[in-house]
file target.cif (mmCIF, C-alpha atoms)
data_run
loop_
_atom_site.label_atom_id
_atom_site.label_comp_id
_atom_site.auth_asym_id
_atom_site.auth_seq_id
_atom_site.Cartn_x
_atom_site.Cartn_y
_atom_site.Cartn_z
CA MET W 1 -59.17 -17.12 12.78
CA ALA W 2 -58.32 -13.46 12.48
CA ALA W 3 -60.69 -11.06 10.79
CA LEU W 4 -58.20 -10.05 8.12
CA GLU W 5 -54.85 -11.01 6.65
CA PHE W 6 -52.23 -8.30 6.21
CA ARG W 7 -50.33 -7.82 3.01
CA LEU W 8 -47.26 -5.77 2.16
CA ASP W 9 -46.89 -3.53 -0.86
CA PRO W 10 -43.24 -2.67 -1.48
CA GLY W 11 -44.34 -0.06 -4.02
CA SER W 12 -46.49 1.91 -1.60
CA GLY W 13 -43.56 3.90 -0.27
CA LEU W 14 -45.07 3.70 3.22
CA PRO W 15 -43.26 2.25 6.23
CA THR W 16 -44.46 -1.25 7.03
CA SER W 17 -46.25 -0.32 10.25
CA GLN W 18 -48.12 2.44 8.41
CA GLN W 19 -49.24 -0.06 5.79
CA LEU W 20 -50.75 -2.25 8.52
CA VAL W 21 -52.50 0.74 10.12
CA GLN W 22 -53.92 1.81 6.77
CA GLN W 23 -55.17 -1.67 5.93
CA VAL W 24 -57.14 -1.78 9.17
CA GLU W 25 -58.51 1.73 8.65
CA HIS W 26 -59.40 0.97 5.06
CA ALA W 27 -61.24 -2.22 6.07
CA LEU W 28 -63.06 -0.21 8.76
CA ARG W 29 -64.12 2.48 6.28
CA LEU W 30 -65.46 -0.14 3.92
CA GLY W 31 -67.25 -1.89 6.78
CA HIS W 32 -65.25 -5.11 6.32
CA LEU W 33 -64.15 -4.91 9.95
CA GLN W 34 -66.66 -4.49 12.77
CA PRO W 35 -66.31 -3.90 16.50
CA GLY W 36 -65.46 -7.22 18.16
CA ASP W 37 -63.40 -8.55 15.25
CA ARG W 38 -59.95 -9.84 16.15
CA LEU W 39 -56.79 -8.65 14.39
CA PRO W 40 -54.09 -11.23 13.59
CA LYS W 41 -51.95 -12.25 16.55
CA VAL W 42 -48.57 -10.53 16.47
CA ARG W 43 -46.79 -13.86 16.10
CA ASP W 44 -49.02 -14.90 13.19
CA ALA W 45 -48.53 -11.61 11.35
CA VAL W 46 -44.77 -11.91 11.94
CA ALA W 47 -44.64 -15.48 10.68
CA SER W 48 -46.71 -14.87 7.56
CA LEU W 49 -45.07 -11.60 6.48
CA ALA W 50 -41.54 -12.23 7.86
CA ILE W 51 -41.48 -8.81 9.49
CA ASN W 52 -40.13 -7.46 12.75
CA PRO W 53 -42.59 -8.02 15.65
CA ASN W 54 -41.92 -4.47 16.82
CA THR W 55 -43.45 -3.26 13.55
CA VAL W 56 -46.72 -5.06 14.25
CA LEU W 57 -46.72 -3.89 17.88
CA LYS W 58 -46.14 -0.34 16.71
CA ALA W 59 -49.06 -0.52 14.27
CA TYR W 60 -51.35 -1.97 16.95
CA ARG W 61 -50.25 0.70 19.42
CA GLU W 62 -51.05 3.42 16.91
CA LEU W 63 -54.48 1.92 16.24
CA GLU W 64 -55.03 1.77 19.99
CA ILE W 65 -54.07 5.43 20.40
CA LYS W 66 -56.51 6.27 17.63
CA GLY W 67 -59.18 4.52 19.66
CA LEU W 68 -59.90 1.92 16.99
CA VAL W 69 -58.67 -1.24 18.72
CA GLU W 70 -58.09 -2.59 22.17
CA GLY W 71 -55.51 -5.11 23.31
CA ARG W 72 -56.90 -7.71 25.70
CA PRO W 73 -54.18 -9.55 27.64
CA GLY W 74 -53.91 -13.18 26.58
CA GLN W 75 -56.64 -12.86 23.95
CA GLY W 76 -55.41 -10.53 21.25
CA THR W 77 -56.26 -7.21 19.71
CA PHE W 78 -59.88 -6.41 18.96
CA ILE W 79 -61.70 -3.76 16.96
CA THR W 80 -63.58 -1.46 19.31
CA ALA W 81 -64.85 1.31 17.04
CA SER W 82 -66.03 1.91 13.55
CA LEU W 83 -64.55 4.76 11.53
CA ASN W 84 -66.96 7.64 11.38
CA GLN W 85 -67.70 8.34 7.75
CA VAL W 86 -68.43 11.86 6.75
CA GLY W 87 -72.20 12.06 6.23
CA LEU W 88 -73.52 11.72 2.68
CA PRO W 89 -74.90 15.30 2.40
CA GLU W 90 -71.58 16.68 3.63
CA LEU W 91 -69.73 14.48 1.13
CA ALA W 92 -71.94 15.73 -1.73
CA LYS W 93 -71.24 19.34 -0.74
CA LEU W 94 -67.48 18.75 -0.66
CA ARG W 95 -67.69 17.09 -4.04
CA ARG W 96 -69.55 20.06 -5.52
CA SER W 97 -66.93 22.52 -4.31
CA LEU W 98 -64.18 20.27 -5.66
CA LEU W 99 -65.91 20.18 -9.06
CA GLY W 100 -65.95 23.98 -8.99
CA TRP W 101 -62.19 24.00 -8.36
CA LEU W 102 -61.65 21.47 -11.18
CA ALA W 103 -63.59 23.68 -13.59
CA SER W 104 -61.40 26.71 -12.80
CA ALA W 105 -58.25 24.58 -13.13
CA ASP W 106 -59.53 23.43 -16.53
CA THR W 107 -60.16 27.02 -17.60
CA ALA W 108 -56.62 27.89 -16.52
CA GLY W 109 -55.35 25.17 -18.90
CA LEU W 110 -54.43 22.31 -16.56
CA ASP W 111 -55.04 18.76 -17.80
CA SER W 112 -56.13 15.89 -15.50
CA ASP W 113 -52.57 14.86 -14.64
CA GLY W 114 -51.69 18.46 -13.85
CA MET W 115 -54.71 18.74 -11.55
CA ALA W 116 -53.85 15.47 -9.80
CA ALA W 117 -50.23 16.54 -9.29
CA LEU W 118 -51.32 19.93 -7.92
CA PHE W 119 -53.88 18.35 -5.62
CA ALA W 120 -51.39 15.78 -4.30
CA SER W 121 -48.79 18.48 -3.71
CA ALA W 122 -51.27 20.80 -1.95
CA LEU W 123 -52.55 17.90 0.17
CA ARG W 124 -48.99 17.09 1.25
CA ASP W 125 -48.35 20.75 2.17
CA PHE W 126 -51.62 20.86 4.07
CA ALA W 127 -50.87 17.67 5.98
CA ASP W 128 -47.31 18.82 6.74
CA ARG W 129 -48.56 22.13 8.09
CA ARG W 130 -51.24 20.41 10.15
CA ASP W 131 -48.79 17.84 11.59
CA GLY W 132 -45.92 20.35 11.85
CA GLY W 133 -46.17 20.53 15.64
CA ALA W 134 -45.50 16.84 16.09
CA ALA W 135 -41.72 17.09 15.82
CA HIS W 136 -39.88 13.84 16.24
CA ALA W 137 -37.48 13.57 19.13
CA GLY W 138 -34.60 11.25 18.32
CA SER W 139 -30.99 10.67 19.18
CA VAL W 140 -29.01 11.24 15.99
CA GLN W 141 -27.02 14.42 15.76
CA VAL W 142 -25.58 16.25 12.83
CA ALA W 143 -22.00 15.30 12.10
CA MET I 144 -28.41 -2.92 28.13
CA SER I 145 -26.18 -2.88 25.07
CA ILE I 146 -26.29 -6.18 23.25
CA VAL I 147 -23.13 -5.17 21.34
CA GLU I 148 -20.75 -2.43 22.40
CA ALA I 149 -17.50 -1.39 20.75
CA ARG I 150 -15.08 1.36 21.68
CA GLY I 151 -12.25 2.38 19.38
CA LEU I 152 -12.39 -1.09 17.91
CA GLY I 153 -9.98 -1.94 15.10
CA LYS I 154 -8.70 -5.02 13.31
CA ARG I 155 -5.59 -5.16 11.19
CA TYR I 156 -4.67 -8.01 8.87
CA GLY I 157 -0.99 -7.64 8.04
CA GLY I 158 -0.49 -3.99 7.19
CA THR I 159 -4.12 -3.38 6.25
CA TRP I 160 -6.83 -2.16 8.59
CA ALA I 161 -10.04 -4.09 7.86
CA LEU I 162 -11.86 -2.09 10.52
CA ARG I 163 -10.79 1.04 12.36
CA ASP I 164 -12.01 3.41 15.02
CA CYS I 165 -15.32 1.64 15.44
CA THR I 166 -17.48 2.85 18.31
CA LEU I 167 -21.07 1.76 18.67
CA ALA I 168 -23.65 0.58 21.18
CA ILE I 169 -26.58 -1.46 19.93
CA PRO I 170 -29.39 -1.64 22.51
CA ALA I 171 -30.90 -5.05 23.29
CA GLY I 172 -34.21 -6.06 21.74
CA HIS I 173 -33.43 -4.90 18.25
CA VAL I 174 -33.01 -6.50 14.87
CA ALA I 175 -29.89 -4.67 13.77
CA ALA I 176 -28.83 -4.67 10.14
CA LEU I 177 -25.18 -4.37 9.28
CA VAL I 178 -24.92 -2.92 5.79
CA GLY I 179 -22.05 -1.90 3.57
CA PRO I 180 -20.21 -2.62 0.32
CA ASN I 181 -18.09 -5.72 -0.15
CA GLY I 182 -14.84 -5.44 1.74
CA ALA I 183 -16.20 -2.69 3.99
CA GLY I 184 -15.48 -4.66 7.16
CA LYS I 185 -18.86 -6.26 7.89
CA THR I 186 -17.60 -9.81 8.34
CA THR I 187 -14.60 -8.53 10.31
CA LEU I 188 -16.93 -6.73 12.70
CA LEU I 189 -19.15 -9.81 13.08
CA ASN I 190 -16.12 -12.05 13.70
CA LEU I 191 -14.94 -9.66 16.43
CA VAL I 192 -18.42 -9.62 18.00
CA VAL I 193 -18.67 -13.41 18.17
CA GLY I 194 -15.03 -13.82 19.23
CA LEU I 195 -13.72 -15.61 16.13
CA ALA I 196 -11.15 -12.83 15.81
CA GLY I 197 -9.47 -10.70 18.45
CA PRO I 198 -9.20 -6.91 18.15
CA SER I 199 -5.93 -5.26 17.12
CA GLU I 200 -7.02 -2.22 19.11
CA GLY I 201 -10.00 -1.12 21.21
CA LEU I 202 -12.66 -3.09 23.03
CA VAL I 203 -15.72 -5.10 22.09
CA SER I 204 -18.26 -6.60 24.47
CA VAL I 205 -21.64 -8.27 24.16
CA LEU I 206 -24.74 -9.00 26.27
CA GLY I 207 -24.20 -6.04 28.57
CA GLY I 208 -20.45 -5.94 29.04
CA ARG I 209 -19.24 -9.55 28.63
CA PRO I 210 -15.93 -9.47 26.70
CA ALA I 211 -16.44 -10.87 23.21
CA GLY I 212 -15.17 -14.43 22.92
CA SER I 213 -15.28 -15.07 26.70
CA PRO I 214 -17.14 -18.22 27.85
CA ALA I 215 -19.87 -16.03 29.37
CA ALA I 216 -20.31 -14.27 26.03
CA LEU I 217 -20.25 -17.45 23.94
CA ASP I 218 -22.91 -18.98 26.15
CA GLY I 219 -25.45 -16.36 25.09
CA ILE I 220 -24.57 -15.98 21.42
CA ALA I 221 -25.42 -18.09 18.42
CA PHE I 222 -23.69 -17.44 15.11
CA VAL I 223 -24.55 -18.63 11.63
CA ALA I 224 -21.63 -17.87 9.31
CA GLN I 225 -21.81 -17.08 5.61
CA ASP I 226 -23.07 -19.93 3.43
CA THR I 227 -24.34 -21.74 6.58
CA PRO I 228 -21.42 -24.16 6.91
CA LEU I 229 -22.48 -27.65 8.00
CA TYR I 230 -20.73 -31.02 7.88
CA ARG I 231 -22.13 -32.16 4.58
CA SER I 232 -21.73 -35.89 5.22
CA LEU I 233 -23.51 -35.78 8.60
CA THR I 234 -27.25 -36.24 8.80
CA ALA I 235 -29.52 -33.71 10.46
CA ALA I 236 -29.91 -36.17 13.36
CA ASP I 237 -26.10 -36.45 13.72
CA MET I 238 -25.85 -32.69 13.73
CA LEU I 239 -28.51 -32.41 16.46
CA HIS I 240 -26.59 -34.98 18.50
CA MET I 241 -23.30 -33.17 18.05
CA THR I 242 -24.65 -29.69 18.77
CA ARG I 243 -26.39 -30.99 21.89
CA ASN I 244 -23.12 -32.43 23.19
CA LEU I 245 -21.02 -29.41 22.32
CA ASN I 246 -23.26 -26.93 24.09
CA ARG I 247 -24.20 -26.38 27.71
CA ARG I 248 -27.74 -25.56 26.72
CA PHE I 249 -29.59 -27.16 23.82
CA ASP I 250 -33.35 -27.52 23.43
CA ASP I 251 -33.59 -30.84 21.60
CA ARG I 252 -37.39 -30.82 21.56
CA PHE I 253 -37.50 -27.32 20.04
CA ALA I 254 -35.05 -28.38 17.33
CA ARG I 255 -36.92 -31.61 16.43
CA THR I 256 -40.31 -29.88 16.41
CA ARG I 257 -38.98 -27.09 14.24
CA LEU I 258 -37.34 -29.49 11.75
CA GLY I 259 -40.59 -31.47 11.66
CA GLU I 260 -42.59 -28.32 10.84
CA LEU I 261 -40.12 -27.57 8.06
CA ALA I 262 -40.37 -31.17 6.78
CA ILE I 263 -36.58 -31.58 6.92
CA PRO I 264 -35.81 -35.33 7.06
CA LEU I 265 -33.57 -36.15 10.03
CA GLU I 266 -31.91 -39.10 8.34
CA ARG I 267 -30.76 -37.18 5.29
CA SER I 268 -27.20 -35.82 5.15
CA ALA I 269 -26.73 -32.08 4.98
CA GLY I 270 -25.12 -32.39 1.55
CA GLU I 271 -28.37 -33.82 0.17
CA LEU I 272 -30.56 -31.03 1.53
CA SER I 273 -31.58 -28.02 -0.57
CA GLY I 274 -29.92 -24.67 0.08
CA GLY I 275 -33.01 -23.43 1.85
CA GLN I 276 -33.21 -26.56 4.04
CA ARG I 277 -29.51 -26.31 4.94
CA ALA I 278 -29.98 -22.68 5.96
CA GLN I 279 -33.03 -23.61 8.06
CA LEU I 280 -31.12 -26.50 9.67
CA ALA I 281 -28.21 -24.23 10.63
CA LEU I 282 -30.67 -21.63 11.93
CA THR I 283 -32.59 -24.24 13.93
CA LEU I 284 -29.35 -25.49 15.54
CA ALA I 285 -28.52 -21.89 16.46
CA LEU I 286 -31.98 -21.08 17.85
CA ALA I 287 -32.21 -24.32 19.86
CA ARG I 288 -29.49 -22.90 22.10
CA HIS I 289 -32.00 -20.11 22.95
CA PRO I 290 -29.38 -17.40 22.56
CA GLN I 291 -29.83 -13.82 23.72
CA LEU I 292 -28.04 -12.65 20.60
CA LEU I 293 -28.28 -14.27 17.18
CA VAL I 294 -25.60 -13.21 14.71
CA LEU I 295 -26.13 -13.94 11.03
CA ASP I 296 -23.56 -13.21 8.33
CA GLU I 297 -25.21 -12.80 4.92
CA PRO I 298 -27.81 -15.41 5.80
CA MET I 299 -29.88 -15.05 2.66
CA ALA I 300 -27.25 -14.63 -0.01
CA MET I 301 -27.62 -18.16 -1.38
CA LEU I 302 -31.37 -18.54 -0.99
CA ASP I 303 -34.20 -18.26 -3.49
CA PRO I 304 -37.00 -15.77 -2.72
CA LEU I 305 -39.31 -18.29 -1.02
CA ALA I 306 -36.50 -19.77 1.10
CA ARG I 307 -35.45 -16.22 2.05
CA HIS I 308 -38.95 -15.39 3.20
CA ASP I 309 -39.26 -18.60 5.22
CA PHE I 310 -35.80 -18.14 6.74
CA MET I 311 -36.58 -14.60 7.83
CA ALA I 312 -40.01 -15.66 9.12
CA THR I 313 -38.24 -18.19 11.38
CA VAL I 314 -35.87 -15.53 12.67
CA MET I 315 -38.67 -13.02 13.27
CA THR I 316 -40.81 -15.64 15.04
CA ALA I 317 -37.88 -16.30 17.39
CA VAL I 318 -37.71 -12.56 18.05
CA ALA I 319 -41.44 -12.58 18.88
CA ASP I 320 -41.27 -15.74 21.02
CA ASP I 321 -37.93 -15.43 22.83
CA GLY I 322 -37.11 -11.74 22.48
CA VAL I 323 -33.76 -12.66 20.99
CA SER I 324 -31.70 -9.71 19.68
CA VAL I 325 -30.43 -10.11 16.14
CA LEU I 326 -27.42 -8.70 14.32
CA LEU I 327 -27.37 -9.59 10.65
CA SER I 328 -25.33 -8.44 7.69
CA SER I 329 -26.92 -8.29 4.30
CA HIS I 330 -26.77 -6.77 0.85
CA VAL I 331 -30.48 -7.01 0.23
CA LEU I 332 -31.65 -3.56 1.25
CA ALA I 333 -35.28 -4.01 0.26
CA GLU I 334 -35.64 -7.01 2.57
CA LEU I 335 -33.93 -5.26 5.46
CA GLU I 336 -36.62 -2.61 5.42
CA ARG I 337 -39.09 -5.23 6.63
CA VAL I 338 -37.02 -6.65 9.42
CA ALA I 339 -34.44 -4.17 10.70
CA ASP I 340 -35.25 -1.58 13.35
CA TYR I 341 -31.61 -0.64 13.89
CA LEU I 342 -29.09 0.24 11.20
CA VAL I 343 -25.31 0.06 11.29
CA LEU I 344 -23.70 1.19 8.06
CA VAL I 345 -20.04 0.30 7.51
CA SER I 346 -17.91 1.59 4.69
CA HIS I 347 -14.18 1.65 4.13
CA GLY I 348 -13.60 -0.02 7.48
CA ARG I 349 -15.45 2.62 9.48
CA ILE I 350 -18.89 2.99 10.98
CA GLN I 351 -20.70 5.61 8.96
CA VAL I 352 -24.24 5.48 10.30
CA SER I 353 -25.62 3.95 13.45
CA GLY I 354 -29.05 4.42 14.95
CA GLU I 355 -32.64 3.31 15.29
CA VAL I 356 -34.31 3.10 11.89
CA ASP I 357 -37.33 5.15 12.98
CA ASP I 358 -35.09 7.96 14.23
CA LEU I 359 -32.95 7.91 11.11
CA LEU I 360 -36.00 8.04 8.83
CA ALA I 361 -37.59 10.84 10.88
CA GLU I 362 -34.42 12.90 10.76
CA HIS I 363 -33.85 12.68 7.04
CA CYS I 364 -35.97 13.72 4.08
CA VAL I 365 -35.72 14.26 0.35
CA LEU I 366 -36.33 17.78 -1.00
CA THR I 367 -37.12 18.28 -4.66
CA GLY I 368 -37.15 21.67 -6.33
CA PRO I 369 -35.69 23.89 -9.06
CA ALA I 370 -32.07 23.02 -9.83
CA ALA I 371 -31.15 26.69 -10.25
CA GLU I 372 -31.95 27.41 -6.60
CA SER I 373 -30.57 24.17 -5.23
CA ALA I 374 -26.97 25.27 -4.59
CA ALA I 375 -28.01 28.32 -2.57
CA TYR I 376 -30.65 26.35 -0.67
CA ALA I 377 -28.24 23.47 0.00
CA GLU I 378 -25.84 25.81 1.77
CA ARG I 379 -28.38 26.28 4.54
CA LEU I 380 -28.96 22.54 4.88
CA SER I 381 -27.10 19.49 6.00
CA VAL I 382 -27.04 17.70 2.65
CA VAL I 383 -26.06 14.03 2.63
CA HIS I 384 -26.35 13.50 -1.09
CA ALA I 385 -27.50 15.74 -3.92
CA ARG I 386 -28.65 14.76 -7.40
CA ARG I 387 -29.11 17.56 -9.86
CA GLY I 388 -30.77 17.48 -13.24
CA GLU I 389 -30.83 20.48 -15.52
CA ALA I 390 -34.19 21.60 -14.22
CA GLN I 391 -34.90 19.76 -10.98
CA ALA I 392 -32.67 18.80 -8.08
CA GLN I 393 -33.09 16.22 -5.33
CA LEU I 394 -31.44 16.78 -2.00
CA LEU I 395 -31.34 14.06 0.64
CA VAL I 396 -30.85 16.07 3.82
CA ARG I 397 -30.56 15.50 7.50
CA THR I 398 -33.12 17.76 9.17
CA ASN I 399 -31.73 17.15 12.65
CA ARG I 400 -35.23 16.41 14.00
CA GLY I 401 -38.20 18.72 13.92
CA SER I 402 -39.71 20.21 10.80
CA HIS I 403 -38.31 23.08 8.87
CA ALA I 404 -40.24 25.32 6.53
CA VAL I 405 -39.75 24.34 2.91
CA PRO I 406 -39.47 27.32 0.54
CA ALA I 407 -42.04 27.84 -2.22
CA GLY I 408 -41.37 25.60 -5.20
CA TRP I 409 -39.78 22.88 -3.06
CA GLU I 410 -41.40 19.68 -1.89
CA LYS I 411 -40.49 17.52 1.04
CA HIS I 412 -40.71 13.73 0.72
CA ARG I 413 -40.38 10.90 3.16
CA VAL I 414 -37.18 8.91 2.72
CA SER I 415 -37.04 5.11 2.62
CA LEU I 416 -34.40 3.06 4.41
CA GLU I 417 -33.06 1.95 1.03
CA GLU I 418 -32.72 5.53 -0.26
CA LEU I 419 -31.09 6.64 2.96
CA THR I 420 -28.61 3.77 2.88
CA LEU I 421 -27.70 4.34 -0.76
CA ALA I 422 -27.21 8.07 -0.18
CA TYR I 423 -24.73 7.45 2.63
CA LEU I 424 -22.93 4.71 0.70
CA ARG I 425 -22.44 7.21 -2.15
CA GLU I 426 -21.04 9.81 0.24
CA PRO I 427 -18.46 8.03 2.41
CA ALA I 428 -17.52 11.35 4.09
CA ALA I 429 -21.04 11.89 5.46
CA ALA I 430 -21.91 10.38 8.83
CA ALA I 431 -24.87 10.06 11.16
CA LEU I 432 -23.76 8.81 14.52
CA PRO I 433 -25.13 9.29 18.01
CA GLY I 434 -23.26 11.10 20.77
CA PRO I 435 -19.97 12.99 20.83
CA ARG I 436 -18.51 10.76 18.13
CA ALA I 437 -20.48 12.77 15.58
CA ALA I 438 -18.60 15.94 16.47
CA ALA I 439 -15.28 14.14 16.12
CA ASN I 440 -16.29 12.93 12.69
CA ALA I 441 -17.31 16.41 11.63
CA VAL I 442 -13.87 17.69 12.60
CA ARG I 443 -12.22 14.90 10.65
CA ALA I 444 -14.39 15.62 7.60
CA MET I 445 -13.34 19.27 7.64
CA ARG I 446 -9.63 18.52 7.59
#
call {"tool": "encode", "arguments": {"input": "target.cif", "output": "structure tokens"}}
result
Amino acid sequence: MAALEFRLDPGSGLPTSQQLVQQVEHALRLGHLQPGDRLPKVRDAVASLAINPNTVLKAYRELEIKGLVEGRPGQGTFITASLNQVGLPELAKLRRSLLGWLASADTAGLDSDGMAALFASALRDFADRRDGGAAHAGSVQVA
Amino acid sequence: MSIVEARGLGKRYGGTWALRDCTLAIPAGHVAALVGPNGAGKTTLLNLVVGLAGPSEGLVSVLGGRPAGSPAALDGIAFVAQDTPLYRSLTAADMLHMTRNLNRRFDDRFARTRLGELAIPLERSAGELSGGQRAQLALTLALARHPQLLVLDEPMAMLDPLARHDFMATVMTAVADDGVSVLLSSHVLAELERVADYLVLVSHGRIQVSGEVDDLLAEHCVLTGPAAESAAYAERLSVVHARRGEAQAQLLVRTNRGSHAVPAGWEKHRVSLEELTLAYLREPAAAALPGPRAAANAVRAMR
């Protein structure tokens, strides 16, 4: 039996392969998956979710590139690493600086929803800028 | 290898063109979704691909250059038409017998195993089966020929959600096991997002969008920002579809690969296949096609 069952969340807004990647990463962060655990066989994931096999292969390839899993011919795909958590002292420090930011946002008059929206927007900008170099090469041209 | 290739393909019924000027090349190994409004020409295109209709102009070939409708083409294609037509008075066993005798290649064991797994009784007539069972029976008969290309016309239109899921699971398992290429037409955009990795969008008898889903999604995005600035900003962009409120505007744009800097006050969002499809359907003049055809379309749009 596989170590986890995938699920799909149509409301997540994420492409299907990204959902699979995130579910594995999430389970790794929580310690639900350990090195040596086997991911569902491609055919089983395809049959239970009714999704394109290429989607599962793409997710497994991405996990492999990230160094989290390894495909063993004829056996399946296995977890090879655990996700390094940021250390607890480091986490506490980050939390303190975030609380400082929240206090100044409060003083400026932002409510919780406003802070969350601003944080989400800044995080997106940050991620875009960080990933900006990875331009996608495709085949569709402007008409 | 192109599993389906069309050049200047057109079909006229009487004085009306159901499909015109259709050029596309779908690479093998894909699950290609054919999407478009009713009467756009989807069924016409599928009928031309499987050889049930002949072109009024242009060329269509399948499986790497075999003329559509030729014996060599028919040998490698299985087609399930709309509403999965079966002889209602024949039993599943009769239908297996008939299909085996009408085809050069038919995997009887595959078909019987599959029907057993689905708990479809062989002795029952097709008319007495549920809609979902009928669809699965038609699909099983098609897959037992181990085609290289499976063509499905609105396969899920009559099915309830569970039967839809099971039907698509069978198709996707065949893709995983046999590497069969699939071309299916459907209205259900949300479900296509799970299965399709190639999109062909037809509207008003013409191909409007054609390409790999990943490429299309990577090359489009939604920009949201102040409505007041949106007209000036839009001039610098390739806007497919714009929605403007009094304060905020949404622009679905083609970024033509790569990232572009978004001005302050604007946010860039990932686009879903459903959003992308709807945007193009609302803007019949917009097109996203590979190769030199795109330039020709741009010229036509300017006239």
call {"tool": "residues_around", "arguments": {"input": "target.cif", "residues": "Leu49 of chain W", "least_positions_apart": "6", "cutoff": "12 Å", "atoms": "all atoms listed in the file", "output": "list in words"}}
result
Glu5, Phe6, Arg7, Leu8, Asp9, Thr16, Ser17, Leu20, Pro40, Val42, Arg43, Thr55 and Val56 of chain W; Leu305, Arg307, His308, Asp309, Phe310, Met311, Ala312, Thr313, Val314, Met315, Thr316, Glu334, Arg337 and Val338 of chain I
call {"tool": "closest_residue", "arguments": {"input": "target.cif", "among": "W:Ile79, W:Leu98, W:Leu91, W:Ala117", "to": "chain I", "atoms": "only C-alpha atoms"}}
result
W:Ala117
call {"tool": "resolve_selection", "arguments": {"input": "target.cif", "expression": "the PyMOL selection byres ((chain I and resi 393-398) around 6)", "output": "list in words"}}
result
Glu362, His363, Cys364, Val365, Leu366, Thr367, Ser381, Val382, Val383, His384, Ala385, Arg386, Ala392, Asn399 and Arg400 of chain I
call {"tool": "atom_distance", "arguments": {"input": "target.cif", "atom1": "atom CA of Thr234 of chain I", "atom2": "atom CA of Arg267 of chain I"}}
result
5.1 Å
call {"tool": "residues_around", "arguments": {"input": "target.cif", "residues": "Gly182 of chain I", "least_positions_apart": "2", "cutoff": "9 Å", "atoms": "all atoms listed in the file", "output": "VMD selection string"}}
result
chain I and resid 161 179 to 180 184 to 186 346 to 348
call {"tool": "closest_residue", "arguments": {"input": "target.cif", "among": "W:Glu90, W:Asp44, W:Glu25, W:Asp37", "to": "chain I", "atoms": "all atoms listed in the file"}}
result
W:Asp44
call {"tool": "resolve_selection", "arguments": {"input": "target.cif", "expression": "the PyMOL selection byres ((chain I and resi 259-262) around 12)", "output": "short mmCIF file (atom, residue, chain, number, x, y, z; two decimals) with C-alpha atoms, keeping the file's coordinate frame"}}
result
data_model
loop_
_atom_site.label_atom_id
_atom_site.label_comp_id
_atom_site.auth_asym_id
_atom_site.auth_seq_id
_atom_site.Cartn_x
_atom_site.Cartn_y
_atom_site.Cartn_z
CA ALA I 235 -29.52 -33.71 10.46
CA ALA I 236 -29.91 -36.17 13.36
CA ARG I 252 -37.39 -30.82 21.56
CA PHE I 253 -37.50 -27.32 20.04
CA ALA I 254 -35.05 -28.38 17.33
CA ARG I 255 -36.92 -31.61 16.43
CA THR I 256 -40.31 -29.88 16.41
CA ARG I 257 -38.98 -27.09 14.24
CA LEU I 258 -37.34 -29.49 11.75
CA ILE I 263 -36.58 -31.58 6.92
CA PRO I 264 -35.81 -35.33 7.06
CA LEU I 265 -33.57 -36.15 10.03
CA GLU I 266 -31.91 -39.10 8.34
CA ARG I 267 -30.76 -37.18 5.29
CA LEU I 272 -30.56 -31.03 1.53
CA SER I 273 -31.58 -28.02 -0.57
CA GLY I 275 -33.01 -23.43 1.85
CA GLN I 276 -33.21 -26.56 4.04
CA ARG I 277 -29.51 -26.31 4.94
CA ALA I 278 -29.98 -22.68 5.96
CA GLN I 279 -33.03 -23.61 8.06
CA LEU I 280 -31.12 -26.50 9.67
CA LEU I 282 -30.67 -21.63 11.93
CA THR I 283 -32.59 -24.24 13.93
CA ALA I 306 -36.50 -19.77 1.10
CA ASP I 309 -39.26 -18.60 5.22
CA PHE I 310 -35.80 -18.14 6.74
CA ALA I 312 -40.01 -15.66 9.12
CA THR I 313 -38.24 -18.19 11.38
#
call {"tool": "resolve_selection", "arguments": {"input": "target.cif", "expression": "the PyMOL selection byres ((chain I and resi 352) around 7)", "output": "list in words"}}
result
Val343, Leu344, Ile350, Gln351, Ser353, Gly354, Ala430, Ala431 and Leu432 of chain I
call {"tool": "residues_near_point", "arguments": {"input": "target.cif", "point": "(-41.9, -3.3, 21.0)", "cutoff": "10 Å", "atoms": "all atoms listed in the file", "output": "list of chain:residue names"}}
result
W:Asn52, W:Pro53, W:Asn54, W:Thr55, W:Val56, W:Leu57, W:Lys58, W:Arg61, I:Gly172, I:His173, I:Ala319, I:Gly322
call {"tool": "atom_distance", "arguments": {"input": "target.cif", "atom1": "atom CA of Pro406 of chain I", "atom2": "atom CA of Asp128 of chain W"}}
result
13.1 Å
call {"tool": "closest_residue", "arguments": {"input": "target.cif", "among": "I:Val318, I:Leu342, I:Ile220, I:Val331", "to": "chain W", "atoms": "all atoms listed in the file"}}
result
I:Val318
call {"tool": "atom_distance", "arguments": {"input": "target.cif", "atom1": "atom CA of Arg243 of chain I", "atom2": "atom CA of Leu195 of chain I"}}
result
20.7 Å
call {"tool": "closest_residue", "arguments": {"input": "target.cif", "among": "I:Met238, I:Leu188, I:Ala171, I:Leu286", "to": "Arg155 of chain I", "atoms": "only C-alpha atoms"}}
result
I:Leu188
call {"tool": "closest_residue", "arguments": {"input": "target.cif", "among": "I:Leu332, I:Val345, I:Ala375, I:Leu229", "to": "Pro427 of chain I", "atoms": "all atoms listed in the file"}}
result
I:Val345
call {"tool": "closest_residue", "arguments": {"input": "target.cif", "among": "I:Ala317, I:Val147, I:Val323, I:Leu359", "to": "Glu418 of chain I", "atoms": "only C-alpha atoms"}}
result
I:Leu359
call {"tool": "residues_around", "arguments": {"input": "target.cif", "residues": "Ala81 of chain W", "least_positions_apart": "3", "cutoff": "8 Å", "atoms": "only C-alpha atoms", "output": "PyMOL selection string"}}
result
chain W and resi 34-35+67-69
